[in-house]
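Trainee: Coordinates in work_11.cif, mmCIF, C-alpha atoms and all ligand atoms, are listed below.
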```cif
data_model
loop_
_atom_site.group_PDB
_atom_site.id
_atom_site.type_symbol
_atom_site.label_atom_id
_atom_site.label_comp_id
_atom_site.auth_asym_id
_atom_site.auth_seq_id
_atom_site.Cartn_x
_atom_site.Cartn_y
_atom_site.Cartn_z
ATOM 1 C CA MET K 1 82.638 94.370 190.854
ATOM 2 C CA ASN K 2 78.888 94.179 191.258
ATOM 3 C CA PHE K 3 77.698 94.721 187.684
ATOM 4 C CA SER K 4 74.145 95.476 186.736
ATOM 5 C CA ARG K 5 72.666 96.777 183.528
ATOM 6 C CA HIS K 6 72.426 100.248 185.021
ATOM 7 C CA PHE K 7 75.548 100.842 187.117
ATOM 8 C CA ARG K 8 78.624 99.229 188.606
ATOM 9 C CA VAL K 9 79.870 99.802 192.126
ATOM 10 C CA GLU K 10 83.413 100.878 192.967
ATOM 11 C CA ARG K 11 84.724 101.023 196.535
ATOM 12 C CA LEU K 12 86.644 104.241 197.207
ATOM 13 C CA ALA K 13 87.291 103.637 200.936
ATOM 14 C CA PRO K 14 85.743 101.358 203.578
ATOM 15 C CA GLY K 15 82.085 102.446 203.725
ATOM 16 C CA VAL K 16 82.412 104.822 200.743
ATOM 17 C CA HIS K 17 81.250 103.663 197.319
ATOM 18 C CA ALA K 18 80.601 105.154 193.913
ATOM 19 C CA ALA K 19 77.781 103.766 191.735
ATOM 20 C CA LEU K 20 79.018 104.434 188.205
ATOM 21 C CA ALA K 21 76.545 104.626 185.337
ATOM 22 C CA VAL K 22 76.956 101.875 182.712
ATOM 23 C CA PRO K 23 76.409 103.176 179.139
ATOM 24 C CA GLY K 24 73.071 101.913 177.831
ATOM 25 C CA GLY K 25 71.560 101.596 181.313
ATOM 26 C CA PHE K 26 68.936 103.804 182.948
ATOM 27 C CA ALA K 27 71.207 105.404 185.583
ATOM 28 C CA LEU K 28 73.006 107.942 183.338
ATOM 29 C CA CYS K 29 74.593 109.825 186.249
ATOM 30 C CA ASN K 30 77.047 108.593 188.854
ATOM 31 C CA SER K 31 75.949 108.330 192.479
ATOM 32 C CA GLY K 32 77.615 107.966 195.856
ATOM 33 C CA ILE K 33 76.803 105.609 198.737
ATOM 34 C CA VAL K 34 78.297 106.727 202.039
ATOM 35 C CA ASP K 35 78.052 104.899 205.366
ATOM 36 C CA LEU K 36 78.227 107.593 208.053
ATOM 37 C CA GLY K 37 78.016 105.010 210.844
ATOM 38 C CA GLY K 38 74.422 104.743 212.077
ATOM 39 C CA GLU K 39 73.064 106.332 208.900
ATOM 40 C CA THR K 40 73.501 105.934 205.158
ATOM 41 C CA VAL K 41 73.646 108.760 202.612
ATOM 42 C CA VAL K 42 73.077 108.446 198.861
ATOM 43 C CA PHE K 43 74.333 111.239 196.583
ATOM 44 C CA ASP K 44 72.106 111.702 193.500
ATOM 45 C CA SER K 45 69.217 109.323 192.774
ATOM 46 C CA MET K 46 69.893 108.705 189.036
ATOM 47 C CA LEU K 47 67.748 109.150 185.908
ATOM 48 C CA THR K 48 64.904 106.712 186.553
ATOM 49 C CA PRO K 49 63.034 105.131 189.484
ATOM 50 C CA THR K 50 64.204 101.757 188.072
ATOM 51 C CA ALA K 51 67.874 102.677 188.573
ATOM 52 C CA GLY K 52 66.999 104.536 191.802
ATOM 53 C CA ALA K 53 65.328 101.441 193.279
ATOM 54 C CA LEU K 54 68.376 99.335 192.449
ATOM 55 C CA LEU K 55 70.579 102.029 193.995
ATOM 56 C CA ALA K 56 68.467 101.965 197.189
ATOM 57 C CA ARG K 57 68.784 98.151 197.385
ATOM 58 C CA THR K 58 72.523 98.350 196.708
ATOM 59 C CA ALA K 59 72.961 100.941 199.477
ATOM 60 C CA GLU K 60 71.033 98.687 201.855
ATOM 61 C CA ARG K 61 73.144 95.673 200.922
ATOM 62 C CA LEU K 62 76.447 97.556 201.284
ATOM 63 C CA THR K 63 75.666 99.359 204.551
ATOM 64 C CA GLY K 64 73.053 97.126 206.214
ATOM 65 C CA ARG K 65 70.360 99.794 206.294
ATOM 66 C CA ARG K 66 68.135 101.853 204.028
ATOM 67 C CA PRO K 67 69.486 105.287 203.146
ATOM 68 C CA ALA K 68 68.271 107.924 205.604
ATOM 69 C CA TRP K 69 69.363 110.729 203.263
ATOM 70 C CA VAL K 70 69.352 111.265 199.509
ATOM 71 C CA VAL K 71 71.229 114.336 198.262
ATOM 72 C CA ASN K 72 70.240 116.045 194.989
ATOM 73 C CA SER K 73 73.287 117.759 193.439
ATOM 74 C CA HIS K 74 71.150 119.932 191.135
ATOM 75 C CA TRP K 75 67.729 120.059 189.508
ATOM 76 C CA HIS K 76 68.504 118.224 186.208
ATOM 77 C CA GLY K 77 66.351 115.126 185.714
ATOM 78 C CA ASP K 78 69.196 112.666 185.208
ATOM 79 C CA HIS K 79 70.241 113.285 188.839
ATOM 80 C CA ILE K 80 66.838 113.397 190.580
ATOM 81 C CA TRP K 81 64.126 111.426 188.817
ATOM 82 C CA GLY K 82 65.115 108.377 190.879
ATOM 83 C CA ASN K 83 63.958 110.254 194.036
ATOM 84 C CA SER K 84 60.548 108.549 193.969
ATOM 85 C CA ALA K 85 62.241 105.171 194.592
ATOM 86 C CA PHE K 86 63.539 106.333 197.990
ATOM 87 C CA VAL K 87 60.245 106.195 199.872
ATOM 88 C CA SER K 88 61.652 106.185 203.415
ATOM 89 C CA SER K 89 64.511 108.688 202.895
ATOM 90 C CA HIS K 90 64.818 112.428 203.453
ATOM 91 C CA ILE K 91 65.629 114.134 200.147
ATOM 92 C CA VAL K 92 67.982 117.049 200.775
ATOM 93 C CA SER K 93 69.486 119.855 198.697
ATOM 94 C CA SER K 94 69.977 123.599 198.591
ATOM 95 C CA ARG K 95 66.942 125.861 198.724
ATOM 96 C CA THR K 96 67.613 126.994 195.126
ATOM 97 C CA VAL K 97 67.827 123.406 193.842
ATOM 98 C CA ARG K 98 64.453 122.700 195.445
ATOM 99 C CA ALA K 99 62.924 125.840 193.887
ATOM 100 C CA ASN K 100 64.221 124.823 190.442
ATOM 101 C CA ILE K 101 62.916 121.255 190.793
ATOM 102 C CA GLU K 102 59.486 122.604 191.746
ATOM 103 C CA ALA K 103 59.417 125.128 188.912
ATOM 104 C CA ARG K 104 61.066 123.199 186.073
ATOM 105 C CA SER K 105 61.332 119.444 186.569
ATOM 106 C CA LEU K 106 57.871 118.385 185.425
ATOM 107 C CA SER K 107 58.081 120.352 182.183
ATOM 108 C CA GLN K 108 61.615 119.043 181.575
ATOM 109 C CA PHE K 109 60.253 115.510 182.044
ATOM 110 C CA ARG K 110 57.333 116.048 179.639
ATOM 111 C CA ASN K 111 59.533 117.715 176.987
ATOM 112 C CA ASP K 112 62.327 115.150 177.261
ATOM 113 C CA ARG K 113 59.867 112.263 177.075
ATOM 114 C CA ARG K 114 58.312 113.634 173.874
ATOM 115 C CA GLU K 115 61.633 114.550 172.244
ATOM 116 C CA MET K 116 63.469 111.372 173.219
ATOM 117 C CA ARG K 117 60.670 109.166 171.887
ATOM 118 C CA ARG K 118 61.040 111.039 168.589
ATOM 119 C CA GLU K 119 64.860 110.890 168.597
ATOM 120 C CA LEU K 120 65.257 107.178 169.453
ATOM 121 C CA PRO K 121 64.840 105.955 165.844
ATOM 122 C CA ARG K 122 67.350 108.602 164.663
ATOM 123 C CA LEU K 123 70.116 107.318 166.939
ATOM 124 C CA THR K 124 71.431 104.833 164.410
ATOM 125 C CA GLY K 125 71.569 104.726 160.636
ATOM 126 C CA PRO K 126 73.744 106.516 158.078
ATOM 127 C CA ARG K 127 72.145 109.935 158.649
ATOM 128 C CA SER K 128 72.262 109.871 162.427
ATOM 129 C CA PRO K 129 73.388 113.228 163.873
ATOM 130 C CA TYR K 130 74.793 111.431 166.927
ATOM 131 C CA ALA K 131 78.463 110.456 167.241
ATOM 132 C CA LYS K 132 78.932 106.656 167.273
ATOM 133 C CA ARG K 133 80.788 106.714 170.589
ATOM 134 C CA ASP K 134 77.858 108.426 172.333
ATOM 135 C CA ARG K 135 75.080 106.222 171.013
ATOM 136 C CA ALA K 136 75.048 103.537 173.740
ATOM 137 C CA GLU K 137 74.840 106.171 176.459
ATOM 138 C CA LEU K 138 72.204 108.194 174.581
ATOM 139 C CA ARG K 139 70.132 105.050 173.947
ATOM 140 C CA GLY K 140 70.040 104.313 177.686
ATOM 141 C CA TRP K 141 69.169 107.959 178.417
ATOM 142 C CA PHE K 142 66.366 108.188 175.838
ATOM 143 C CA GLN K 143 64.958 104.709 176.561
ATOM 144 C CA GLY K 144 65.153 105.347 180.292
ATOM 145 C CA VAL K 145 63.073 108.521 180.030
ATOM 146 C CA VAL K 146 60.610 106.969 177.564
ATOM 147 C CA SER K 147 60.216 103.947 179.914
ATOM 148 C CA MET K 148 58.916 106.180 182.708
ATOM 149 C CA PRO K 149 55.111 106.546 182.816
ATOM 150 C CA PRO K 150 53.586 109.981 182.071
ATOM 151 C CA SER K 151 52.327 109.883 185.681
ATOM 152 C CA HIS K 152 55.920 109.784 186.984
ATOM 153 C CA ARG K 153 56.027 111.612 190.323
ATOM 154 C CA ILE K 154 58.568 114.438 190.745
ATOM 155 C CA VAL K 155 59.759 114.361 194.364
ATOM 156 C CA PRO K 156 61.445 117.624 195.458
ATOM 157 C CA PRO K 157 63.783 117.784 198.466
ATOM 158 C CA GLY K 158 61.921 117.973 201.784
ATOM 159 C CA VAL K 159 65.005 119.281 203.621
ATOM 160 C CA THR K 160 66.891 122.328 202.337
ATOM 161 C CA PHE K 161 69.947 124.337 203.326
ATOM 162 C CA GLU K 162 71.479 127.634 202.235
ATOM 163 C CA ASP K 163 75.252 127.089 201.829
ATOM 164 C CA GLU K 164 76.238 124.010 203.801
ATOM 165 C CA LEU K 165 74.810 121.069 205.721
ATOM 166 C CA VAL K 166 77.068 118.655 207.590
ATOM 167 C CA LEU K 167 75.783 115.175 208.402
ATOM 168 C CA THR K 168 77.848 113.385 211.038
ATOM 169 C CA GLY K 169 77.664 109.749 212.079
ATOM 170 C CA SER K 170 79.828 107.598 214.318
ATOM 171 C CA ARG K 171 82.202 106.795 211.451
ATOM 172 C CA ARG K 172 82.528 109.985 209.422
ATOM 173 C CA SER K 173 81.011 113.276 208.287
ATOM 174 C CA ILE K 174 79.754 114.306 204.902
ATOM 175 C CA GLU K 175 79.767 118.016 204.043
ATOM 176 C CA LEU K 176 77.082 119.066 201.581
ATOM 177 C CA ARG K 177 78.078 122.405 200.121
ATOM 178 C CA THR K 178 77.096 124.831 197.431
ATOM 179 C CA TYR K 179 79.296 127.653 196.195
ATOM 180 C CA GLY K 180 76.385 128.920 194.068
ATOM 181 C CA GLY K 181 75.451 128.067 190.498
ATOM 182 C CA GLY K 182 77.891 127.224 187.691
ATOM 183 C CA HIS K 183 76.573 124.243 185.746
ATOM 184 C CA SER K 184 73.008 125.002 186.891
ATOM 185 C CA PRO K 185 71.401 127.742 189.050
ATOM 186 C CA SER K 186 72.679 125.925 192.160
ATOM 187 C CA ASP K 187 75.162 123.062 192.289
ATOM 188 C CA VAL K 188 75.665 121.016 195.451
ATOM 189 C CA PHE K 189 78.695 118.784 195.954
ATOM 190 C CA ALA K 190 79.532 116.384 198.774
ATOM 191 C CA TYR K 191 82.914 116.415 200.467
ATOM 192 C CA LEU K 192 84.320 113.711 202.741
ATOM 193 C CA PRO K 193 87.175 115.447 204.630
ATOM 194 C CA ASP K 194 88.699 112.247 206.099
ATOM 195 C CA GLU K 195 88.807 110.345 202.816
ATOM 196 C CA ARG K 196 89.377 113.487 200.704
ATOM 197 C CA VAL K 197 86.660 112.364 198.321
ATOM 198 C CA VAL K 198 84.419 114.749 196.398
ATOM 199 C CA PHE K 199 81.147 113.754 194.760
ATOM 200 C CA ALA K 200 81.056 116.639 192.298
ATOM 201 C CA GLY K 201 77.750 116.207 190.470
ATOM 202 C CA ASP K 202 77.985 117.883 187.067
ATOM 203 C CA LEU K 203 80.463 120.525 188.285
ATOM 204 C CA ALA K 204 83.110 118.100 187.002
ATOM 205 C CA LEU K 205 82.947 115.550 184.197
ATOM 206 C CA ARG K 206 85.683 113.237 182.998
ATOM 207 C CA GLY K 207 86.397 112.494 179.325
ATOM 208 C CA LEU K 208 83.098 114.143 178.397
ATOM 209 C CA HIS K 209 82.022 117.631 177.353
ATOM 210 C CA PRO K 210 80.367 119.337 180.312
ATOM 211 C CA SER K 211 77.032 121.005 179.604
ATOM 212 C CA VAL K 212 76.956 124.803 179.840
ATOM 213 C CA GLY K 213 73.402 125.201 178.455
ATOM 214 C CA ASP K 214 71.817 125.961 181.841
ATOM 215 C CA GLY K 215 74.970 127.387 183.408
ATOM 216 C CA ARG K 216 77.366 130.314 183.627
ATOM 217 C CA PRO K 217 80.963 129.450 182.684
ATOM 218 C CA ARG K 218 82.553 132.377 184.531
ATOM 219 C CA ALA K 219 80.841 131.540 187.841
ATOM 220 C CA TRP K 220 81.559 127.843 187.228
ATOM 221 C CA VAL K 221 85.299 128.541 186.877
ATOM 222 C CA ALA K 222 85.246 130.453 190.192
ATOM 223 C CA ILE K 223 83.434 127.545 191.911
ATOM 224 C CA LEU K 224 86.004 125.040 190.636
ATOM 225 C CA ARG K 225 88.883 127.283 191.760
ATOM 226 C CA ARG K 226 87.365 127.348 195.243
ATOM 227 C CA MET K 227 86.894 123.576 195.260
ATOM 228 C CA GLU K 228 90.507 123.139 194.162
ATOM 229 C CA LYS K 229 91.601 124.689 197.486
ATOM 230 C CA LEU K 230 90.193 121.677 199.384
ATOM 231 C CA PRO K 231 92.449 118.717 200.162
ATOM 232 C CA ILE K 232 91.175 116.193 197.595
ATOM 233 C CA SER K 233 92.418 112.771 196.479
ATOM 234 C CA THR K 234 89.467 111.494 194.448
ATOM 235 C CA VAL K 235 86.825 113.248 192.374
ATOM 236 C CA VAL K 236 83.689 111.315 191.448
ATOM 237 C CA PRO K 237 82.328 113.275 188.475
ATOM 238 C CA GLY K 238 78.635 113.451 187.566
ATOM 239 C CA HIS K 239 79.433 111.462 184.422
ATOM 240 C CA GLY K 240 82.590 109.513 183.521
ATOM 241 C CA SER K 241 84.930 107.536 185.731
ATOM 242 C CA PRO K 242 86.426 108.720 189.056
ATOM 243 C CA GLY K 243 89.697 110.568 188.746
ATOM 244 C CA PRO K 244 92.338 112.500 190.662
ATOM 245 C CA LYS K 245 92.009 116.072 191.890
ATOM 246 C CA SER K 246 93.121 117.371 188.466
ATOM 247 C CA THR K 247 89.680 116.337 187.146
ATOM 248 C CA LEU K 248 88.473 119.683 188.539
ATOM 249 C CA ALA K 249 91.213 121.651 186.751
ATOM 250 C CA THR K 250 90.541 119.825 183.470
ATOM 251 C CA THR K 251 86.875 120.836 183.544
ATOM 252 C CA ARG K 252 87.898 124.377 184.509
ATOM 253 C CA THR K 253 90.371 124.614 181.599
ATOM 254 C CA TYR K 254 87.647 123.480 179.184
ATOM 255 C CA LEU K 255 85.370 126.278 180.433
ATOM 256 C CA GLN K 256 88.172 128.849 180.196
ATOM 257 C CA ASP K 257 89.025 127.697 176.660
ATOM 258 C CA LEU K 258 85.362 128.032 175.744
ATOM 259 C CA GLN K 259 85.295 131.627 177.002
ATOM 260 C CA ARG K 260 88.568 132.450 175.223
ATOM 261 C CA ILE K 261 87.345 131.004 171.892
ATOM 262 C CA VAL K 262 84.122 133.016 172.117
ATOM 263 C CA ARG K 263 85.989 136.227 173.053
ATOM 264 C CA GLU K 264 88.307 135.793 170.060
ATOM 265 C CA TRP K 265 85.362 135.137 167.765
ATOM 266 C CA MET K 266 83.621 138.291 169.013
ATOM 267 C CA ARG K 267 86.768 140.395 168.513
ATOM 268 C CA THR K 268 87.011 139.450 164.847
ATOM 269 C CA ARG K 269 83.267 140.212 164.276
ATOM 270 C CA LYS K 270 82.583 137.196 162.124
ATOM 271 C CA GLU K 271 79.172 136.482 160.624
ATOM 272 C CA ALA K 272 76.701 135.057 163.130
ATOM 273 C CA ARG K 273 76.334 131.741 161.323
ATOM 274 C CA THR K 274 80.047 130.920 161.691
ATOM 275 C CA LEU K 275 79.586 130.710 165.465
ATOM 276 C CA SER K 276 78.010 127.264 165.148
ATOM 277 C CA ARG K 277 80.956 126.102 163.000
ATOM 278 C CA ILE K 278 83.714 126.766 165.507
ATOM 279 C CA PRO K 279 85.614 123.468 165.643
ATOM 280 C CA ILE K 280 86.145 121.559 168.894
ATOM 281 C CA PRO K 281 89.654 122.403 170.179
ATOM 282 C CA ALA K 282 92.180 119.578 169.805
ATOM 283 C CA PRO K 283 92.403 118.555 173.498
ATOM 284 C CA TYR K 284 88.654 117.817 173.571
ATOM 285 C CA ARG K 285 88.155 116.148 170.198
ATOM 286 C CA ARG K 286 88.148 112.649 171.642
ATOM 287 C CA TRP K 287 85.767 113.494 174.463
ATOM 288 C CA GLY K 288 82.249 112.048 174.550
ATOM 289 C CA PHE K 289 79.010 114.095 174.469
ATOM 290 C CA SER K 290 80.525 116.167 171.607
ATOM 291 C CA ILE K 291 76.948 117.089 170.711
ATOM 292 C CA MET K 292 77.115 119.539 173.661
ATOM 293 C CA PHE K 293 79.858 121.687 172.103
ATOM 294 C CA PRO K 294 77.841 123.927 169.708
ATOM 295 C CA GLY K 295 75.300 124.639 172.466
ATOM 296 C CA ASN K 296 78.107 125.416 174.908
ATOM 297 C CA VAL K 297 79.596 127.921 172.435
ATOM 298 C CA LEU K 298 76.217 129.561 171.842
ATOM 299 C CA ARG K 299 75.394 129.870 175.550
ATOM 300 C CA THR K 300 78.849 131.303 176.309
ATOM 301 C CA TYR K 301 78.454 133.790 173.454
ATOM 302 C CA ARG K 302 75.014 134.928 174.640
ATOM 303 C CA LEU K 303 76.270 135.498 178.183
ATOM 304 C CA ALA K 304 79.375 137.359 176.930
ATOM 305 C CA ARG K 305 77.280 139.558 174.634
ATOM 306 C CA ALA K 306 74.794 140.392 177.423
ATOM 307 C CA GLU K 307 77.734 141.256 179.656
ATOM 308 C CA ALA K 308 79.322 143.486 176.982
ATOM 309 C CA LEU K 309 75.986 145.278 176.389
ATOM 310 C CA GLY K 310 75.558 145.763 180.136
ATOM 311 C CA ARG K 311 79.066 147.216 180.359
ATOM 312 C CA ALA K 312 78.393 149.625 177.494
ATOM 313 C CA ARG K 313 75.144 150.753 179.135
ATOM 314 C CA HIS K 314 76.785 151.272 182.516
ATOM 315 C CA GLY K 315 79.840 153.143 181.264
ATOM 316 C CA ASN K 316 82.471 150.421 180.910
ATOM 317 C CA GLY K 317 81.707 148.778 184.203
ATOM 318 C CA ARG K 318 82.503 151.824 186.367
ATOM 319 C CA ALA K 319 80.091 152.379 189.192
ATOM 320 C CA PRO K 320 77.869 155.436 188.723
HETATM 321 ZN ZN ZN J 1 73.333 118.476 184.929
#
```
Written as structure tokens, how would this file's structure read?
Mentor:
Amino acid sequence: MNFSRHFRVERLAPGVHAALAVPGGFALCNSGIVDLGGETVVFDSMLTPTAGALLARTAERLTGRRPAWVVNSHWHGDHIWGNSAFVSSHIVSSRTVRANIEARSLSQFRNDRREMRRELPRLTGPRSPYAKRDRAELRGWFQGVVSMPPSHRIVPPGVTFEDELVLTGSRRSIELRTYGGGHSPSDVFAYLPDERVVFAGDLALRGLHPSVGDGRPRAWVAILRRMEKLPISTVVPGHGSPGPKSTLATTRTYLQDLQRIVREWMRTRKEARTLSRIPIPAPYRRWGFSIMFPGNVLRTYRLARAEALGRARHGNGRAP
């Protein structure tokens, strides 16, 4: 129902909706629209102010009022660059997410804009490095960023919390929580205890390779294990379609497989260049965003090597 170029809306429960990114549009990430009763909350503002403005209008149409709150799950541009479209809302996230937005978002925007303008013509054609199945999504991503003016305003959260913030209305509560950083230095998810719905941000993806480039797989696994203890019926991932609770375990297994593959590679002391040639394991070969895999392997290797060096320096991990 409710199709636009940028996202489609799916009702999860009365007053609880997911806005799901349409490949090729300028949303890129999934968002949530939650009617608390008396106030409306939006989870993640999408890639561009164009998609963000449509999201704000959609929230107003579905709930009868403008969103009072916009949650930022983490600092990555595809979840927060729509913030500037929410002029009358409080933007809220963890203190660490805010610090990362302030320190890194503008340079990410400038770099992405330059690189994506350059990459757009390379998307198609016989020598394209991009998998066919990813091209529609990547086109929307690149075009969306290129469509934003260089003067685009980065809007950081004006309200921050440490571990948890609960917003309660007459109809329901939404629990904004962070268990630390896994996919990014700090990842916030939203939990609706009555409906058992989780808006996971990029802590969970469905049918797509998650991105480890800015994250720490070991901490990420621990975060997902903790989330898996919550009573959950529906997971709205940062990208991909909503799924059951097992969506969390699937992402966790991917991260554990990644760590295992890298450990095995390190044990056999292969030449450095073979690291980038490790094939995608069979269960993930049909997943989208396959372009993430080599970077995920490299990041996991670098973290594992730093850890091993640290252990050697500190006497096999024993406290002095
Ligand atoms: Zn992300």
Trainee: Find the residues around Ala59 (chain K) up to 12 Å (only C-alpha atoms counted), leave out those fewer than 4 positions away in its own chain, and share them as a VMD selection string.
Mentor: chain K and resid 9 15 to 19 31 to 35 39 to 43 45 52 to 55 63 to 70 86 89
Trainee: Give as a PyMOL selection string the residues surrounding ligand ZN 1 (chain J) up to a distance of 8 Å, considering all atoms listed in the file.
Mentor: chain K and resi 74-79+183-184+201-202+211+238
Trainee: What gap, in Å, lies between CA of Pro294 (chain K) and CA of Asp214 (chain K)?
Mentor: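 Atom-to-atom, CA of Pro294 (chain K) to CA of Asp214 (chain K), that is 13.7 Å.
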Trainee: Given the file shown, enumerate the residues that the PyMOL selection byres (((chain K and resi 137) around 9) and not hetatm) captures and present them as a CSV table (one decimal) with C-alpha atoms, in the frame of the given file.
Mentor:
```csv
chain,number,residue,atom,x,y,z
K,22,VAL,CA,77.0,101.9,182.7
K,23,PRO,CA,76.4,103.2,179.1
K,24,GLY,CA,73.1,101.9,177.8
K,25,GLY,CA,71.6,101.6,181.3
K,28,LEU,CA,73.0,107.9,183.3
K,133,ARG,CA,80.8,106.7,170.6
K,134,ASP,CA,77.9,108.4,172.3
K,135,ARG,CA,75.1,106.2,171.0
K,136,ALA,CA,75.0,103.5,173.7
K,138,LEU,CA,72.2,108.2,174.6
K,139,ARG,CA,70.1,105.0,173.9
K,140,GLY,CA,70.0,104.3,177.7
K,141,TRP,CA,69.2,108.0,178.4
K,142,PHE,CA,66.4,108.2,175.8
```
Trainee: Using CA of Thr96 (chain K) and CA of Pro185 (chain K) as the two end points, give the distance in Å to one decimal.
Mentor: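 CA of Pro185 (chain K) lies 7.2 Å from CA of Thr96 (chain K).
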Trainee: Can you sort out the box for region 138-146 of chain K, edges along x, y and z, all listed atoms in, 8 Å on every side, with centre and edge lengths in Å to one decimal, as JSON?
Mentor:
```
{"center_x": 66.4, "center_y": 106.4, "center_z": 177.1, "size_x": 27.6, "size_y": 20.2, "size_z": 22.3}
```
Trainee: Using only C-alpha atoms, collect all residues at a distance of at most 8 Å from (77.1, 124.7, 190.9) as written in the file, then present them as an MDAnalysis selection string.
Mentor: chainID K and resid 74 178:189 202:203 220 223
Trainee: Residues within 8 Å of region 269-280 of chain K, please, as a list in words. Count all atoms listed in the file; anything in the same chain fewer than 2 positions from it doesn't count.
Mentor: Trp265, Met266, Arg267, Ala282, Tyr284, Arg285, Phe293, Pro294, Val297 and Leu298 of chain K
Trainee: Any idea what's packed within 10 Å of Arg98 (chain K), counting only C-alpha atoms, ignoring anything in its chain fewer than 2 positions away? Could you give it as a PyMOL selection string?
Mentor: chain K and resi 72+74-75+91-96+100-105+155-161+186
Trainee: Mind pulling up the distance from CA of His6 (chain K) to CA of Arg171 (chain K)?
Mentor: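 If I compute the distance from CA of Arg171 (chain K) to CA of His6 (chain K), I get 28.9 Å.
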Trainee: (62.5, 108.6, 168.9) in this file's frame - what residues fall within 12 Å of it? Use only C-alpha atoms and give the answer as a list in words.
Mentor: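 Looking at atoms near the point gives Asp112, Arg113, Arg114, Glu115, Met116, Arg117, Arg118, Glu119, Leu120, Pro121, Arg122, Leu123, Thr124, Ser128, Leu138, Arg139, Trp141, Phe142, Gln143, Val145 and Val146 of chain K.
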Trainee: Using all atoms listed in the file, can you tell me which of K:Leu106, K:Leu20, K:Leu36, K:Ala13 comes closest to Thr234 (chain K)?
Mentor: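 Using all atoms listed in the file, Thr234 (chain K) sits closest to K:Ala13.
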Trainee: Evaluate the PyMOL selection byres (((chain K and resi 291) around 10) and not hetatm) on the structure here and hand back the selected residues as a PyMOL selection string.
Mentor: chain K and resi 129-131+134+209+211+288-290+292-296
Trainee: So what does the PyMOL selection byres (((chain K and resi 197) around 12) and not hetatm) actually pick up in this one, as a VMD selection string?
Mentor: chain K and resid 11 to 13 16 to 18 32 to 34 173 to 175 189 to 196 198 to 200 227 230 to 237 242 to 245
Trainee: Please determine, counting only C-alpha atoms, which residue among K:His314, K:Arg226, K:His239, K:Arg218 has the shortest atom-to-atom distance to Asp257 (chain K).
Mentor: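 Closest to Asp257 (chain K) of all the choices is K:Arg218.
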